[in-house]
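As provided, work-v9.cif (mmCIF, C-alpha atoms) reads as follows.
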```cif
data_upload
#
loop_
_atom_site.label_atom_id
_atom_site.label_comp_id
_atom_site.auth_asym_id
_atom_site.auth_seq_id
_atom_site.Cartn_x
_atom_site.Cartn_y
_atom_site.Cartn_z
CA MET A 135 75.02 65.06 107.05
CA ILE A 136 77.39 68.03 107.50
CA PRO A 137 81.07 67.10 107.35
CA VAL A 138 83.08 67.90 110.47
CA TYR A 139 86.74 68.78 110.11
CA LYS A 140 89.24 68.17 112.82
CA LEU A 141 91.99 70.73 113.07
CA ASN A 142 94.94 70.51 115.37
CA PRO A 143 95.39 73.35 117.93
CA LEU A 144 98.05 75.09 115.82
CA CYS A 145 95.65 75.36 112.87
CA TRP A 146 92.93 76.76 115.15
CA ALA A 147 95.37 79.38 116.49
CA LEU A 148 96.37 80.37 112.95
CA LEU A 149 92.73 80.57 111.86
CA LEU A 150 91.88 82.75 114.86
CA PHE A 151 94.86 85.03 114.10
CA VAL A 152 93.72 85.46 110.47
CA ILE A 153 90.16 86.27 111.58
CA LEU A 154 91.39 88.83 114.13
CA CYS A 155 93.69 90.50 111.59
CA ALA A 156 90.94 90.65 109.00
CA SER A 157 88.62 92.30 111.53
CA GLY A 158 91.26 94.90 112.47
CA VAL A 159 91.71 93.60 116.00
CA GLY A 160 95.15 92.50 117.09
CA CYS A 161 97.16 93.53 114.02
CA SER A 162 97.17 97.31 114.21
CA PRO A 163 100.14 99.15 115.72
CA LYS A 164 100.05 99.17 119.50
CA ASP A 165 99.94 102.50 121.27
CA GLU A 166 101.71 103.14 124.54
CA PRO A 167 99.55 102.79 127.63
CA GLY A 168 98.12 106.22 128.44
CA THR A 169 98.13 107.40 124.82
CA VAL A 170 96.19 110.68 124.46
CA LEU A 171 97.13 111.61 120.88
CA ILE A 172 97.72 109.72 117.64
CA VAL A 173 99.24 111.33 114.56
CA GLU A 174 98.68 109.37 111.36
CA GLY A 175 97.77 109.77 107.71
CA ASP A 176 98.99 109.34 104.15
CA ALA A 177 101.60 112.13 104.55
CA VAL A 178 103.14 110.79 107.78
CA GLU A 179 106.25 108.60 107.58
CA ALA A 180 105.12 106.54 110.57
CA ARG A 181 102.09 106.58 112.85
CA THR A 182 103.09 108.24 116.12
CA SER A 183 101.39 108.21 119.52
CA PHE A 184 101.90 110.48 122.51
CA THR A 185 101.15 110.25 126.20
CA MET A 186 100.30 113.33 128.24
CA GLU A 187 103.69 113.09 129.94
CA GLN A 188 105.48 113.18 126.59
CA LEU A 189 103.54 116.25 125.46
CA LYS A 190 104.10 118.10 128.74
CA SER A 191 107.82 117.36 128.70
CA ALA A 192 108.37 118.99 125.28
CA GLU A 193 109.50 122.24 126.93
CA ASP A 194 110.49 124.02 123.71
CA GLY A 195 106.97 123.57 122.34
CA LEU A 196 104.95 124.57 125.40
CA VAL A 197 102.63 127.58 125.12
CA GLU A 198 100.70 129.41 127.80
CA ALA A 199 98.62 132.37 126.64
CA ASP A 200 95.28 134.18 126.68
CA TYR A 201 93.17 133.46 123.59
CA PHE A 202 90.35 135.74 122.49
CA GLY A 203 87.41 133.86 121.06
CA ILE A 204 84.19 134.68 119.24
CA ASN A 205 81.53 132.01 118.88
CA SER A 206 78.86 131.62 116.19
CA TYR A 207 76.39 133.71 118.22
CA GLY A 208 78.78 136.65 118.52
CA SER A 209 79.67 136.06 122.18
CA LYS A 210 83.23 137.18 122.93
CA GLY A 211 85.67 136.42 125.72
CA TYR A 212 89.10 135.36 126.84
CA SER A 213 90.34 132.00 128.06
CA HIS A 214 93.82 131.20 129.33
CA PHE A 215 95.26 128.01 127.85
CA LYS A 216 98.32 125.86 128.40
CA GLY A 217 99.40 123.29 125.83
CA ILE A 218 101.76 122.39 123.02
CA TRP A 219 102.25 124.31 119.77
CA LEU A 220 101.29 122.31 116.68
CA GLY A 221 104.22 123.71 114.73
CA TYR A 222 106.66 122.31 117.27
CA LEU A 223 104.90 118.96 117.48
CA LEU A 224 104.74 118.46 113.71
CA SER A 225 108.25 119.77 113.04
CA ASN A 226 110.11 118.04 115.88
CA GLN A 227 108.12 115.00 116.96
CA VAL A 228 106.51 113.69 113.75
CA LYS A 229 108.13 112.79 110.42
CA LEU A 230 106.10 114.31 107.60
CA GLN A 231 106.39 113.50 103.92
CA GLU A 232 107.15 116.34 101.51
CA ASP A 233 103.64 116.28 100.06
CA ALA A 234 101.93 116.93 103.43
CA SER A 235 99.34 119.66 102.93
CA ARG A 236 96.20 119.04 105.04
CA VAL A 237 95.80 118.55 108.78
CA SER A 238 92.58 117.20 110.30
CA PHE A 239 91.88 117.26 114.03
CA ILE A 240 89.48 114.49 114.99
CA ALA A 241 87.67 114.32 118.33
CA GLU A 242 86.64 111.13 120.09
CA ASP A 243 83.07 111.53 118.84
CA GLY A 244 84.20 111.90 115.21
CA TYR A 245 83.81 115.69 115.00
CA GLN A 246 86.65 117.13 112.97
CA VAL A 247 88.06 120.32 111.52
CA GLU A 248 90.61 120.62 108.76
CA PHE A 249 93.34 123.18 108.09
CA ARG A 250 96.08 123.63 105.55
CA LEU A 251 99.42 122.51 107.00
CA GLU A 252 100.82 126.04 106.79
CA ASP A 253 97.90 127.29 108.93
CA ALA A 254 98.52 124.65 111.62
CA VAL A 255 102.12 125.78 112.09
CA ARG A 256 101.53 129.55 111.93
CA GLU A 257 102.87 131.76 114.70
CA ASP A 258 100.89 134.90 113.93
CA TYR A 259 97.24 134.35 114.78
CA ILE A 260 95.78 137.51 116.28
CA ASP A 261 93.69 138.81 119.15
CA GLU A 262 91.52 141.56 117.66
CA GLN A 263 91.44 143.39 120.98
CA ASN A 264 95.22 143.32 121.39
CA PRO A 265 96.90 143.66 117.96
CA SER A 266 100.41 143.31 119.38
CA VAL A 267 99.76 139.69 120.44
CA LYS A 268 100.83 136.85 118.12
CA LEU A 269 99.35 133.44 118.88
CA LYS A 270 100.00 129.85 117.83
CA MET A 271 97.61 126.98 117.19
CA ILE A 272 97.91 124.66 120.19
CA LEU A 273 96.59 121.46 121.70
CA ALA A 274 95.71 122.54 125.23
CA TRP A 275 95.32 120.39 128.33
CA GLU A 276 94.60 123.25 130.69
CA GLU A 277 92.02 126.07 130.52
CA ASP A 278 91.85 128.94 132.99
CA GLY A 279 94.16 127.11 135.40
CA ILE A 280 92.13 123.88 135.41
CA GLU A 281 93.52 120.71 133.84
CA SER A 282 91.17 118.77 131.59
CA ASP A 283 89.55 115.85 133.38
CA PRO A 284 90.26 112.59 131.50
CA LYS A 285 87.05 111.14 132.98
CA LEU A 286 85.09 113.57 130.78
CA GLY A 287 86.94 112.65 127.58
CA ASN A 288 90.34 112.87 125.96
CA PRO A 289 92.11 115.78 127.68
CA LEU A 290 93.26 117.69 124.59
CA GLN A 291 91.53 120.69 123.01
CA LEU A 292 92.51 122.40 119.78
CA VAL A 293 92.78 126.18 120.30
CA VAL A 294 93.45 128.75 117.59
CA GLY A 295 93.55 132.54 117.56
CA GLN A 296 91.84 134.73 114.98
CA SER A 297 93.03 135.05 111.38
CA GLU A 298 91.65 138.61 111.13
CA PRO A 299 89.51 140.98 113.23
CA GLY A 300 85.96 139.65 113.59
CA ASP A 301 87.04 136.07 112.78
CA VAL A 302 84.66 133.61 114.45
CA ASN A 303 87.28 131.19 115.79
CA LYS A 304 85.60 129.27 118.63
CA PRO A 305 83.97 126.67 116.37
CA TYR A 306 87.54 125.49 115.70
CA TRP A 307 88.27 124.98 119.40
CA VAL A 308 87.69 121.24 119.20
CA ARG A 309 87.43 119.41 122.53
CA TYR A 310 88.54 115.83 123.13
CA VAL A 311 90.98 115.68 120.18
CA LYS A 312 92.28 112.13 119.88
CA THR A 313 93.73 111.99 116.36
CA ILE A 314 95.60 114.30 114.02
CA ARG A 315 95.43 113.09 110.44
CA ILE A 316 97.91 114.52 107.94
CA ASP A 317 97.41 114.00 104.22
#
```
Could you rewrite the structure in this file as structure tokens?
Amino acid sequence: MIPVYKLNPLCWALLLFVILCASGVGCSPKDEPGTVLIVEGDAVEARTSFTMEQLKSAEDGLVEADYFGINSYGSKGYSHFKGIWLGYLLSNQVKLQEDASRVSFIAEDGYQVEFRLEDAVREDYIDEQNPSVKLKMILAWEEDGIESDPKLGNPLQLVVGQSEPGDVNKPYWVRYVKTIRID
């Protein structure tokens, strides 16, 4: 015969709480409703989340520019993007630890790219066809005048100019960025 234990309702509630916490459900920090971006990692003082409204209202960090891109097949072209500069976001909206050195951009499907922190905050990416232009790495929510449709995925796309003429930069234009991890 298997022994049956009777627990009072308070014990059952505590047991359920422990099981949920152990499984990672119910004990993680809560994000605001409408969160489109999470910044976390070992070199972040505190996990931070952003809504689209918060990102769009950061007027000093907004960027709107034409970005020249080359893909892996050698196709070239321009796209006009609107978004927020990573340097502004990381310097003014997130508290980084002194040892922060790597920034990973992670899409909803797990695809990710990684940069050195100093590359994420640069203000001098180039356009090989217009050497006078200086570009910033941004998280864009609008391309060629069309806002990203949240029904298709998270509405943020990482966009970066070229480091040097001939630089194949489009593979770094990550769509559906949901998380920035800083270590």
Would you mind listing, for every residue of range 216-251 of chain A within 9 Å of range 182-190 of chain A, the two atoms forming the shortest contact and the distance between them in Å to one decimal, using all atoms listed in the file, sorted by chain and ascending residue number, as JSON lines?
```
{"residue": "A:Gly217", "atom": "CA", "partner": "A:Lys190", "partner_atom": "CA", "distance": 7.6}
{"residue": "A:Ile218", "atom": "CA", "partner": "A:Leu189", "partner_atom": "CA", "distance": 6.8}
{"residue": "A:Leu223", "atom": "CA", "partner": "A:Leu189", "partner_atom": "CA", "distance": 8.5}
{"residue": "A:Gln227", "atom": "CA", "partner": "A:Thr182", "partner_atom": "CA", "distance": 8.5}
{"residue": "A:Val228", "atom": "CA", "partner": "A:Thr182", "partner_atom": "CA", "distance": 6.9}
{"residue": "A:Lys229", "atom": "CA", "partner": "A:Thr182", "partner_atom": "CA", "distance": 8.9}
```
Serialized selection, C-alpha atoms, as an mmCIF file, in the coordinates of the input:
```cif
data_model
loop_
_atom_site.group_PDB
_atom_site.id
_atom_site.type_symbol
_atom_site.label_atom_id
_atom_site.label_comp_id
_atom_site.auth_asym_id
_atom_site.auth_seq_id
_atom_site.Cartn_x
_atom_site.Cartn_y
_atom_site.Cartn_z
ATOM 1 C CA GLY A 217 99.400 123.290 125.830
ATOM 2 C CA ILE A 218 101.760 122.390 123.020
ATOM 3 C CA LEU A 223 104.900 118.960 117.480
ATOM 4 C CA GLN A 227 108.120 115.000 116.960
ATOM 5 C CA VAL A 228 106.510 113.690 113.750
ATOM 6 C CA LYS A 229 108.130 112.790 110.420
#
```
**Prompt:** So how far away is CA of Ser238 in chain A from CA of Thr169 in chain A, in Å?
**Reply:** 18.4 Å
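Minimum atom-to-atom distances from A:Ile316, A:Val302, A:Leu230, A:Ile280 to Lys210 in chain A were compared using all atoms listed in the file, and the lowest value belongs to A:Val302.
Distance-wise, CA of Asp200 in chain A and CA of Phe215 in chain A end up 6.3 Å apart.
Counting only C-alpha atoms and comparing A:Lys304, A:Arg309, A:Arg181, A:Arg236, the residue that lies closest to Ile204 in chain A is A:Lys304.
With distances taken over all atoms listed in the file, A:Gly175 is the one residue among A:Pro299, A:Gly195, A:Pro167, A:Gly175 lying closest to Ala234 in chain A.
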**Request:** Apply the PyMOL selection byres ((chain A and resi 233) around 8) to the displayed file and report the matching residues as number ranges by chain.
**Result:** A: 177, 231-232, 234-235, 317
**Request:** Using the chain letters and numbers from the file, give me the residues hit by the PyMOL selection byres ((chain A and resi 252-269) around 8), as a PyMOL selection string.
**Result:** chain A and resi 199+201-202+219-222+224+235+237+249-251+270-271+294-300
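Using all atoms listed in the file, the protein and nucleic acid residues lying no more than 9 Å from Glu276 in chain A, apart from those fewer than 5 places from it along its own chain, are His214, Phe215, Lys216, Gly217, Glu281, Ser282, Pro289, Leu290 and Gln291 of chain A.
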**Request:** Please indicate the distance in Å from CA of Thr313 in chain A to CA of Leu286 in chain A, rounded to one decimal place.
**Result:** 16.9 Å
